[in-house]
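Novice: protein_15.txt (compact mmCIF, C-alpha atoms) pasted underneath:
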# COMPACT_ATOMS: atom_id res chain seq x y z
CA MET A 755 -98.10 16.63 -34.85
CA THR A 756 -95.50 18.87 -33.22
CA THR A 757 -95.29 22.65 -33.37
CA ALA A 758 -93.22 25.32 -31.67
CA PRO A 759 -94.62 26.23 -28.23
CA ASP A 760 -95.79 29.67 -29.36
CA GLN A 761 -97.32 28.49 -32.66
CA SER A 762 -100.84 27.31 -33.35
CA PRO A 763 -101.33 23.55 -33.02
CA PHE A 764 -103.61 23.73 -36.08
CA VAL A 765 -101.00 24.75 -38.69
CA VAL A 766 -98.15 22.87 -40.34
CA SER A 767 -95.00 24.30 -41.85
CA PHE A 768 -93.61 23.95 -45.37
CA ASP A 769 -90.80 21.81 -43.93
CA TRP A 770 -93.30 19.48 -42.25
CA LEU A 771 -95.35 18.98 -45.41
CA LYS A 772 -92.60 18.70 -48.03
CA THR A 773 -91.09 15.64 -46.31
CA ARG A 774 -94.45 13.86 -46.11
CA ILE A 775 -95.97 14.34 -49.57
CA GLY A 776 -97.19 10.98 -50.82
CA GLU A 777 -97.38 9.30 -47.43
CA PRO A 778 -100.38 6.97 -46.93
CA GLY A 779 -103.18 8.67 -45.02
CA LEU A 780 -101.95 12.19 -45.79
CA LYS A 781 -104.29 14.21 -48.01
CA ILE A 782 -103.69 17.72 -49.37
CA VAL A 783 -106.55 20.06 -50.26
CA ASP A 784 -106.42 23.28 -52.29
CA ALA A 785 -109.19 25.44 -50.78
CA SER A 786 -108.41 28.62 -52.70
CA TRP A 787 -111.29 30.99 -53.43
CA TYR A 788 -111.24 34.61 -54.50
CA LEU A 789 -113.47 37.67 -54.61
CA PRO A 790 -114.10 39.10 -58.11
CA ALA A 791 -111.96 42.14 -57.28
CA GLN A 792 -108.94 39.91 -56.75
CA ASN A 793 -109.05 38.87 -60.42
CA ARG A 794 -107.86 35.31 -59.75
CA ASN A 795 -109.46 32.04 -60.83
CA ALA A 796 -108.88 29.45 -58.14
CA ALA A 797 -109.95 26.43 -60.18
CA ALA A 798 -107.82 27.46 -63.17
CA GLU A 799 -104.79 28.07 -60.98
CA TYR A 800 -105.21 24.66 -59.36
CA ALA A 801 -105.51 22.97 -62.76
CA ALA A 802 -102.31 24.67 -63.90
CA CYS A 803 -100.13 24.10 -60.84
CA ARG A 804 -100.58 22.67 -57.33
CA ILE A 805 -98.84 20.82 -54.52
CA PRO A 806 -98.37 17.21 -55.70
CA GLY A 807 -101.44 15.10 -55.06
CA ALA A 808 -103.65 18.00 -53.97
CA VAL A 809 -107.37 17.90 -54.67
CA PHE A 810 -109.52 21.00 -55.25
CA PHE A 811 -112.28 21.87 -52.80
CA ASP A 812 -114.68 24.16 -54.66
CA GLN A 813 -116.12 26.49 -52.03
CA ASP A 814 -118.81 27.76 -54.40
CA LYS A 815 -120.11 24.28 -55.22
CA THR A 816 -119.68 22.43 -51.94
CA VAL A 817 -122.69 24.21 -50.47
CA ASP A 818 -126.37 23.66 -49.70
CA PRO A 819 -128.12 23.87 -53.12
CA ALA A 820 -131.40 24.84 -51.46
CA SER A 821 -129.96 28.03 -49.97
CA ASP A 822 -129.91 31.39 -51.74
CA LEU A 823 -126.82 32.37 -49.73
CA PRO A 824 -123.35 31.85 -51.24
CA HIS A 825 -121.67 29.47 -48.79
CA THR A 826 -124.31 27.71 -46.70
CA ILE A 827 -123.07 24.50 -45.08
CA GLN A 828 -124.29 21.26 -46.62
CA ASN A 829 -126.16 18.62 -44.66
CA GLN A 830 -124.20 15.71 -43.22
CA ALA A 831 -124.88 13.25 -46.04
CA ASP A 832 -124.06 15.71 -48.84
CA PHE A 833 -120.82 16.80 -47.21
CA ALA A 834 -119.81 13.18 -46.66
CA SER A 835 -120.46 12.49 -50.35
CA ALA A 836 -118.51 15.56 -51.51
CA ALA A 837 -115.54 14.85 -49.24
CA GLY A 838 -115.49 11.18 -50.19
CA ALA A 839 -115.51 12.09 -53.88
CA LEU A 840 -112.32 14.08 -53.24
CA GLY A 841 -110.71 10.98 -51.78
CA LEU A 842 -110.95 12.21 -48.20
CA SER A 843 -111.72 10.14 -45.13
CA GLU A 844 -112.44 11.51 -41.67
CA THR A 845 -109.48 9.46 -40.37
CA ASP A 846 -106.94 11.02 -42.77
CA THR A 847 -104.41 13.65 -41.84
CA ILE A 848 -105.57 16.51 -44.06
CA VAL A 849 -103.58 19.65 -44.89
CA VAL A 850 -105.54 22.52 -46.40
CA TYR A 851 -103.98 25.46 -48.26
CA ASP A 852 -104.96 28.54 -50.24
CA GLY A 853 -103.03 30.92 -52.48
CA PRO A 854 -102.02 33.83 -50.21
CA GLY A 855 -102.17 31.90 -46.96
CA MET A 856 -104.66 32.39 -44.08
CA PHE A 857 -107.43 33.59 -46.37
CA THR A 858 -109.87 30.84 -47.35
CA ALA A 859 -108.12 27.64 -46.22
CA PRO A 860 -109.30 28.11 -42.60
CA ARG A 861 -112.92 27.82 -43.76
CA VAL A 862 -112.31 24.32 -45.16
CA TRP A 863 -110.18 23.45 -42.11
CA TRP A 864 -113.20 24.39 -39.99
CA LEU A 865 -115.68 22.53 -42.21
CA LEU A 866 -113.69 19.31 -42.21
CA ARG A 867 -113.24 19.46 -38.45
CA ILE A 868 -116.89 20.15 -37.62
CA PHE A 869 -117.83 17.16 -39.81
CA GLY A 870 -115.48 14.89 -37.88
CA ALA A 871 -112.05 15.06 -39.58
CA GLY A 872 -110.15 15.93 -36.42
CA ASN A 873 -106.67 15.65 -37.95
CA THR A 874 -107.09 18.60 -40.31
CA TYR A 875 -104.52 21.40 -40.45
CA VAL A 876 -103.82 24.60 -42.39
CA LEU A 877 -100.58 25.00 -44.37
CA ASP A 878 -98.77 28.00 -42.91
CA GLY A 879 -97.63 30.35 -45.65
CA GLY A 880 -99.91 29.53 -48.59
CA PHE A 881 -99.25 28.15 -52.04
CA ASP A 882 -97.97 31.41 -53.53
CA ASN A 883 -95.03 31.36 -51.11
CA TRP A 884 -94.61 27.60 -51.50
CA ALA A 885 -94.14 27.99 -55.24
CA LYS A 886 -91.85 31.03 -54.87
CA GLN A 887 -89.58 28.99 -52.64
CA GLY A 888 -89.23 26.33 -55.33
CA LEU A 889 -90.91 23.63 -53.29
CA PRO A 890 -92.47 20.63 -55.07
CA THR A 891 -95.35 21.34 -57.46
CA GLU A 892 -97.05 19.42 -60.23
CA THR A 893 -98.52 20.69 -63.48
CA GLY A 894 -100.74 19.25 -66.16
CA ALA A 895 -104.16 17.70 -65.71
CA PRO A 896 -104.76 16.67 -62.09
CA VAL A 897 -105.24 12.97 -61.44
CA LYS A 898 -108.80 12.22 -60.38
CA PRO A 899 -108.75 11.05 -56.76
CA ALA A 900 -109.81 7.54 -55.84
CA PRO A 901 -113.14 7.84 -54.02
CA ALA A 902 -113.05 7.28 -50.28
CA SER A 903 -115.57 6.80 -47.49
CA PHE A 904 -116.04 9.88 -45.31
CA SER A 905 -118.13 9.17 -42.22
CA ALA A 906 -119.48 12.60 -41.29
CA THR A 907 -120.74 13.55 -37.85
CA LEU A 908 -121.73 17.21 -37.79
CA ASN A 909 -120.99 19.26 -34.70
CA SER A 910 -124.02 21.51 -35.11
CA GLY A 911 -123.06 23.35 -31.93
CA ALA A 912 -120.21 25.01 -33.85
CA ILE A 913 -122.67 26.83 -36.14
CA THR A 914 -124.80 29.86 -35.32
CA SER A 915 -128.11 30.12 -37.18
CA PHE A 916 -129.88 33.32 -38.18
CA ASP A 917 -132.38 33.05 -35.33
CA GLU A 918 -129.56 32.48 -32.86
CA MET A 919 -127.66 35.44 -34.30
CA ARG A 920 -130.69 37.68 -33.90
CA SER A 921 -130.95 36.59 -30.25
CA ILE A 922 -127.23 37.25 -29.68
CA VAL A 923 -127.58 40.78 -31.07
CA GLU A 924 -130.63 41.42 -28.90
CA THR A 925 -129.26 39.98 -25.67
CA GLY A 926 -125.48 40.30 -25.95
CA SER A 927 -125.14 36.68 -24.89
CA SER A 928 -122.04 36.26 -27.04
CA GLN A 929 -119.41 38.62 -28.40
CA ILE A 930 -119.47 39.19 -32.16
CA ALA A 931 -116.17 39.24 -34.10
CA ASP A 932 -116.48 40.52 -37.68
CA ALA A 933 -113.64 39.62 -40.08
CA ARG A 934 -114.50 42.13 -42.81
CA GLY A 935 -112.26 45.11 -43.51
CA PRO A 936 -112.69 48.33 -41.52
CA GLY A 937 -114.35 50.19 -44.40
CA ARG A 938 -117.08 47.60 -44.78
CA PHE A 939 -117.49 47.28 -41.02
CA THR A 940 -117.95 51.02 -40.48
CA GLY A 941 -120.11 51.38 -43.58
CA VAL A 942 -117.73 53.75 -45.38
CA GLU A 943 -117.19 51.20 -48.17
CA ALA A 944 -120.01 49.57 -50.13
CA GLU A 945 -120.42 45.82 -49.89
CA PRO A 946 -119.08 43.85 -52.89
CA ARG A 947 -122.39 42.01 -53.25
CA GLN A 948 -125.29 43.95 -54.68
CA GLY A 949 -128.27 44.60 -52.46
CA MET A 950 -126.30 44.55 -49.22
CA ARG A 951 -126.67 47.32 -46.69
CA SER A 952 -123.44 48.66 -45.20
CA GLY A 953 -122.31 48.64 -41.59
CA HIS A 954 -122.25 46.00 -38.87
CA MET A 955 -124.36 44.27 -36.26
CA PRO A 956 -124.92 46.23 -33.04
CA GLY A 957 -122.27 45.27 -30.50
CA ALA A 958 -119.89 43.70 -33.03
CA ARG A 959 -116.13 44.08 -32.81
CA ASN A 960 -113.98 44.39 -35.92
CA VAL A 961 -111.18 41.84 -36.31
CA PRO A 962 -110.14 42.20 -39.98
CA TYR A 963 -108.77 38.78 -40.88
CA PRO A 964 -105.41 40.11 -42.24
CA VAL A 965 -104.40 41.34 -38.76
CA LEU A 966 -104.14 37.71 -37.66
CA SER A 967 -101.41 36.71 -40.09
CA GLU A 968 -98.19 38.01 -41.57
CA GLY A 969 -96.73 36.97 -44.91
CA GLY A 970 -99.40 34.29 -45.24
CA LYS A 971 -98.49 32.74 -41.88
CA LEU A 972 -100.68 32.73 -38.79
CA LYS A 973 -99.20 34.92 -36.08
CA SER A 974 -97.76 33.42 -32.90
CA ILE A 975 -100.13 32.59 -30.05
CA PRO A 976 -99.06 35.64 -28.00
CA ALA A 977 -99.51 37.92 -31.04
CA LEU A 978 -102.91 36.40 -31.82
CA ARG A 979 -104.03 36.94 -28.25
CA GLU A 980 -102.85 40.55 -28.43
CA ALA A 981 -104.70 41.20 -31.71
CA LEU A 982 -107.93 39.64 -30.47
CA GLU A 983 -107.87 41.55 -27.20
CA ALA A 984 -106.93 44.80 -28.99
CA ALA A 985 -110.16 44.44 -30.98
CA GLY A 986 -112.08 44.44 -27.70
CA LEU A 987 -112.70 40.72 -27.24
CA ASP A 988 -112.74 39.15 -23.78
CA LEU A 989 -111.17 35.73 -24.30
CA ASP A 990 -112.91 34.35 -21.23
CA LYS A 991 -116.35 34.85 -22.82
CA PRO A 992 -118.10 33.25 -25.83
CA VAL A 993 -117.49 34.59 -29.33
CA VAL A 994 -119.40 34.17 -32.59
CA THR A 995 -117.42 34.90 -35.76
CA THR A 996 -118.85 36.44 -38.91
CA CYS A 997 -117.71 38.01 -42.19
CA GLY A 998 -119.15 38.55 -45.67
CA SER A 999 -120.30 35.03 -46.50
CA GLY A 1000 -118.88 32.80 -43.77
CA VAL A 1001 -115.44 32.18 -45.30
CA THR A 1002 -112.94 34.53 -43.64
CA ALA A 1003 -114.84 34.33 -40.34
CA ALA A 1004 -113.02 31.01 -39.99
CA VAL A 1005 -109.68 32.85 -39.83
CA ILE A 1006 -110.87 34.36 -36.53
CA THR A 1007 -112.16 30.95 -35.46
CA LEU A 1008 -108.72 29.47 -36.17
CA ALA A 1009 -107.06 32.25 -34.19
CA LEU A 1010 -109.44 31.83 -31.25
CA GLN A 1011 -108.97 28.07 -31.09
CA SER A 1012 -105.22 28.53 -31.45
CA VAL A 1013 -105.10 30.59 -28.24
CA GLY A 1014 -107.22 27.97 -26.45
CA HIS A 1015 -110.59 29.71 -26.78
CA ASN A 1016 -113.06 26.94 -27.62
CA ASN A 1017 -116.34 28.66 -26.72
CA THR A 1018 -116.77 29.92 -30.25
CA THR A 1019 -119.24 29.45 -33.09
CA LEU A 1020 -119.41 30.68 -36.68
CA TYR A 1021 -122.43 32.52 -38.12
CA ASP A 1022 -122.71 30.77 -41.46
CA GLY A 1023 -125.10 33.27 -43.08
CA SER A 1024 -122.83 36.17 -42.12
CA TRP A 1025 -123.32 39.57 -43.78
CA SER A 1026 -124.77 38.03 -46.95
CA GLN A 1027 -127.77 37.09 -44.84
CA TRP A 1028 -127.83 39.84 -42.21
CA GLY A 1029 -127.06 42.73 -44.56
CA GLY A 1030 -129.27 41.36 -47.32
CA ARG A 1031 -132.44 41.57 -45.20
CA ASP A 1032 -134.47 44.67 -44.34
CA ASP A 1033 -135.56 43.54 -40.88
CA THR A 1034 -132.18 43.32 -39.12
CA PRO A 1035 -130.59 46.12 -37.08
CA ILE A 1036 -127.44 47.67 -38.53
CA VAL A 1037 -125.17 50.37 -37.19
CA THR A 1038 -122.35 52.29 -38.85
CA GLY A 1039 -119.15 53.85 -37.58
CA ASP A 1040 -116.55 52.32 -35.30
CA ALA A 1041 -117.28 49.50 -32.85
Mind turning this structure into structure tokens?

Specialist:
Amino acid sequence: MTTAPDQSPFVVSFDWLKTRIGEPGLKIVDASWYLPAQNRNAAAEYAACRIPGAVFFDQDKTVDPASDLPHTIQNQADFASAAGALGLSETDTIVVYDGPGMFTAPRVWWLLRIFGAGNTYVLDGGFDNWAKQGLPTETGAPVKPAPASFSATLNSGAITSFDEMRSIVETGSSQIADARGPGRFTGVEAEPRQGMRSGHMPGARNVPYPVLSEGGKLKSIPALREALEAAGLDLDKPVVTTCGSGVTAAVITLALQSVGHNNTTLYDGSWSQWGGRDDTPIVTGDA
């Protein structure tokens, strides 16, 4: 895998992918997911048109069924089963995309990597731009993938639990980077999920995920570093990422790892858990 010196080593370009579609060991995953306000149906869009050979990773169904939170990570065995059913193996080269680019694909990039698929990348630019540029697509009913064996080994150290998050807020042992928009972070805007309080965790910094990309493409490494530091993050210290339900937090994780910051975890419960409780501290206003 080769990238320009100032580009993330975790993304691939349209040019890189279009010449490799159909190669043995290369798998393509549509990880699109949308909020109700976006008025898009990811599964329906995938069924209608996709990059040739792509499989659909349903982010609402590939979750822990025992959790009352929207996107809780599955256990090792269940994730291995779900990934294998999509025809994925941990030894494959896997390219993950979403519609707009740099929205929900990084979450599945992160999931696949923490379960052991180390050759997983995000498609820079997103499917919407891919299709607009007239690059290869397929329509009609998707072909069901041939099942594969996915040997999962979970890196549990990449995940922050609720109890760990509470300790981080109390002690300041890690910086907190919140990917939600400024209105939700400050508490000016109501949360899209009912029953959620508004605001942010004490000590959190706001890194709205759109500031890390442009036109669906992840910004250059120097620009990512600038955006992260402008939000108040010290890139020499640990960071835990968070968002509404653990999806767009992974955009910050991708940005951090792209600039060489590997002392980072993701709070899987995110605001759905923290803001949905009545025993967690919340503040409003700017960071």

Novice: Could the residues of range 956-983 of chain A that have an atom at most 12 Å from range 996-1003 of chain A be listed as a tab-separated table, each with its closest atom pair and the distance in Å to one decimal, counting all atoms listed in the file and ordered by chain and ascending residue number?

Specialist:
residue	atom	partner	partner_atom	distance
A:Ala958	CA	A:Thr996	CA	9.4
A:Arg959	CA	A:Thr996	CA	10.1
A:Asn960	CA	A:Cys997	CA	9.7
A:Val961	CA	A:Ala1003	CA	9.3
A:Pro962	CA	A:Cys997	CA	8.9
A:Tyr963	CA	A:Thr1002	CA	6.6
A:Pro964	CA	A:Thr1002	CA	9.5
A:Val965	CA	A:Thr1002	CA	12.0
A:Leu966	CA	A:Thr1002	CA	11.1

Novice: Tell me, as a list in words, which residues lie within 6 Å of range 796-805 of chain A, counting only C-alpha atoms; anything in the same chain fewer than 5 positions away does not count.

Specialist: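 So, after excluding close chain neighbours, the residues are Ser786, Trp787, Thr891, Glu892 and Thr893 of chain A.
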
Novice: Which residue, A:Met950, A:Val765, A:Ile827, A:Val897, has the smallest gap to Asn873 in chain A when you use all atoms listed in the file?

Specialist: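 Between A:Met950, A:Val765, A:Ile827, A:Val897, the residue approaching Asn873 in chain A most closely is A:Val765.
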
Novice: Using all atoms listed in the file, can you tell me which of A:Glu943, A:Asp878, A:Asp1032, A:Asp932 comes closest to Gly957 in chain A?

Specialist: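 Going through A:Glu943, A:Asp878, A:Asp1032, A:Asp932 one by one, the smallest distance to Gly957 in chain A is for A:Asp932.
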
Novice: Can you work out which one of A:Ala837, A:Ala859, A:Ala1041, A:Ala831 has the shortest atom-to-atom distance to Gly941 in chain A, counting all atoms listed in the file?

Specialist: A:Ala1041

Novice: Kindly output range 993-1015 of chain A as a tab-separated table (two decimals), keeping the file's coordinate frame, after building N, CA and C atoms.

Specialist:
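Contents of selection05.tsv, freshly written:
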chain	number	residue	atom	x	y	z
A	993	VAL	N	-117.64	33.76	-28.13
A	993	VAL	CA	-117.49	34.59	-29.33
A	993	VAL	C	-118.17	33.90	-30.51
A	994	VAL	N	-118.91	34.66	-31.30
A	994	VAL	CA	-119.40	34.17	-32.59
A	994	VAL	C	-118.67	34.95	-33.67
A	995	THR	N	-118.15	34.25	-34.68
A	995	THR	CA	-117.42	34.90	-35.76
A	995	THR	C	-118.31	35.06	-36.98
A	996	THR	N	-118.04	36.12	-37.73
A	996	THR	CA	-118.85	36.44	-38.91
A	996	THR	C	-117.98	37.19	-39.91
A	997	CYS	N	-118.46	37.30	-41.15
A	997	CYS	CA	-117.71	38.01	-42.19
A	997	CYS	C	-118.69	38.35	-43.31
A	998	GLY	N	-118.26	38.27	-44.56
A	998	GLY	CA	-119.15	38.55	-45.67
A	998	GLY	C	-120.06	37.39	-46.01
A	999	SER	N	-119.48	36.19	-46.14
A	999	SER	CA	-120.30	35.03	-46.50
A	999	SER	C	-119.92	33.78	-45.72
A	1000	GLY	N	-119.22	33.94	-44.61
A	1000	GLY	CA	-118.88	32.80	-43.77
A	1000	GLY	C	-117.54	32.17	-44.07
A	1001	VAL	N	-116.74	32.76	-44.95
A	1001	VAL	CA	-115.44	32.18	-45.30
A	1001	VAL	C	-114.34	32.70	-44.39
A	1002	THR	N	-114.06	34.02	-44.44
A	1002	THR	CA	-112.94	34.53	-43.64
A	1002	THR	C	-113.25	34.61	-42.15
A	1003	ALA	N	-114.52	34.45	-41.77
A	1003	ALA	CA	-114.84	34.33	-40.34
A	1003	ALA	C	-114.03	33.21	-39.72
A	1004	ALA	N	-113.75	32.17	-40.51
A	1004	ALA	CA	-113.02	31.01	-39.99
A	1004	ALA	C	-111.57	31.34	-39.67
A	1005	VAL	N	-111.03	32.44	-40.22
A	1005	VAL	CA	-109.68	32.85	-39.83
A	1005	VAL	C	-109.69	33.26	-38.36
A	1006	ILE	N	-110.74	33.99	-37.95
A	1006	ILE	CA	-110.87	34.36	-36.53
A	1006	ILE	C	-111.09	33.11	-35.70
A	1007	THR	N	-111.92	32.20	-36.19
A	1007	THR	CA	-112.16	30.95	-35.46
A	1007	THR	C	-110.85	30.20	-35.24
A	1008	LEU	N	-110.03	30.12	-36.28
A	1008	LEU	CA	-108.72	29.47	-36.17
A	1008	LEU	C	-107.86	30.17	-35.13
A	1009	ALA	N	-107.85	31.49	-35.16
A	1009	ALA	CA	-107.06	32.25	-34.19
A	1009	ALA	C	-107.55	32.02	-32.77
A	1010	LEU	N	-108.87	32.05	-32.58
A	1010	LEU	CA	-109.44	31.83	-31.25
A	1010	LEU	C	-109.08	30.45	-30.72
A	1011	GLN	N	-109.28	29.42	-31.55
A	1011	GLN	CA	-108.97	28.07	-31.09
A	1011	GLN	C	-107.47	27.89	-30.86
A	1012	SER	N	-106.67	28.62	-31.61
A	1012	SER	CA	-105.22	28.53	-31.45
A	1012	SER	C	-104.77	29.04	-30.08
A	1013	VAL	N	-105.47	30.05	-29.55
A	1013	VAL	CA	-105.10	30.59	-28.24
A	1013	VAL	C	-105.85	29.87	-27.12
A	1014	GLY	N	-106.54	28.78	-27.46
A	1014	GLY	CA	-107.22	27.97	-26.45
A	1014	GLY	C	-108.64	28.40	-26.15
A	1015	HIS	N	-109.20	29.27	-26.97
A	1015	HIS	CA	-110.59	29.71	-26.78
A	1015	HIS	C	-111.50	28.80	-27.59
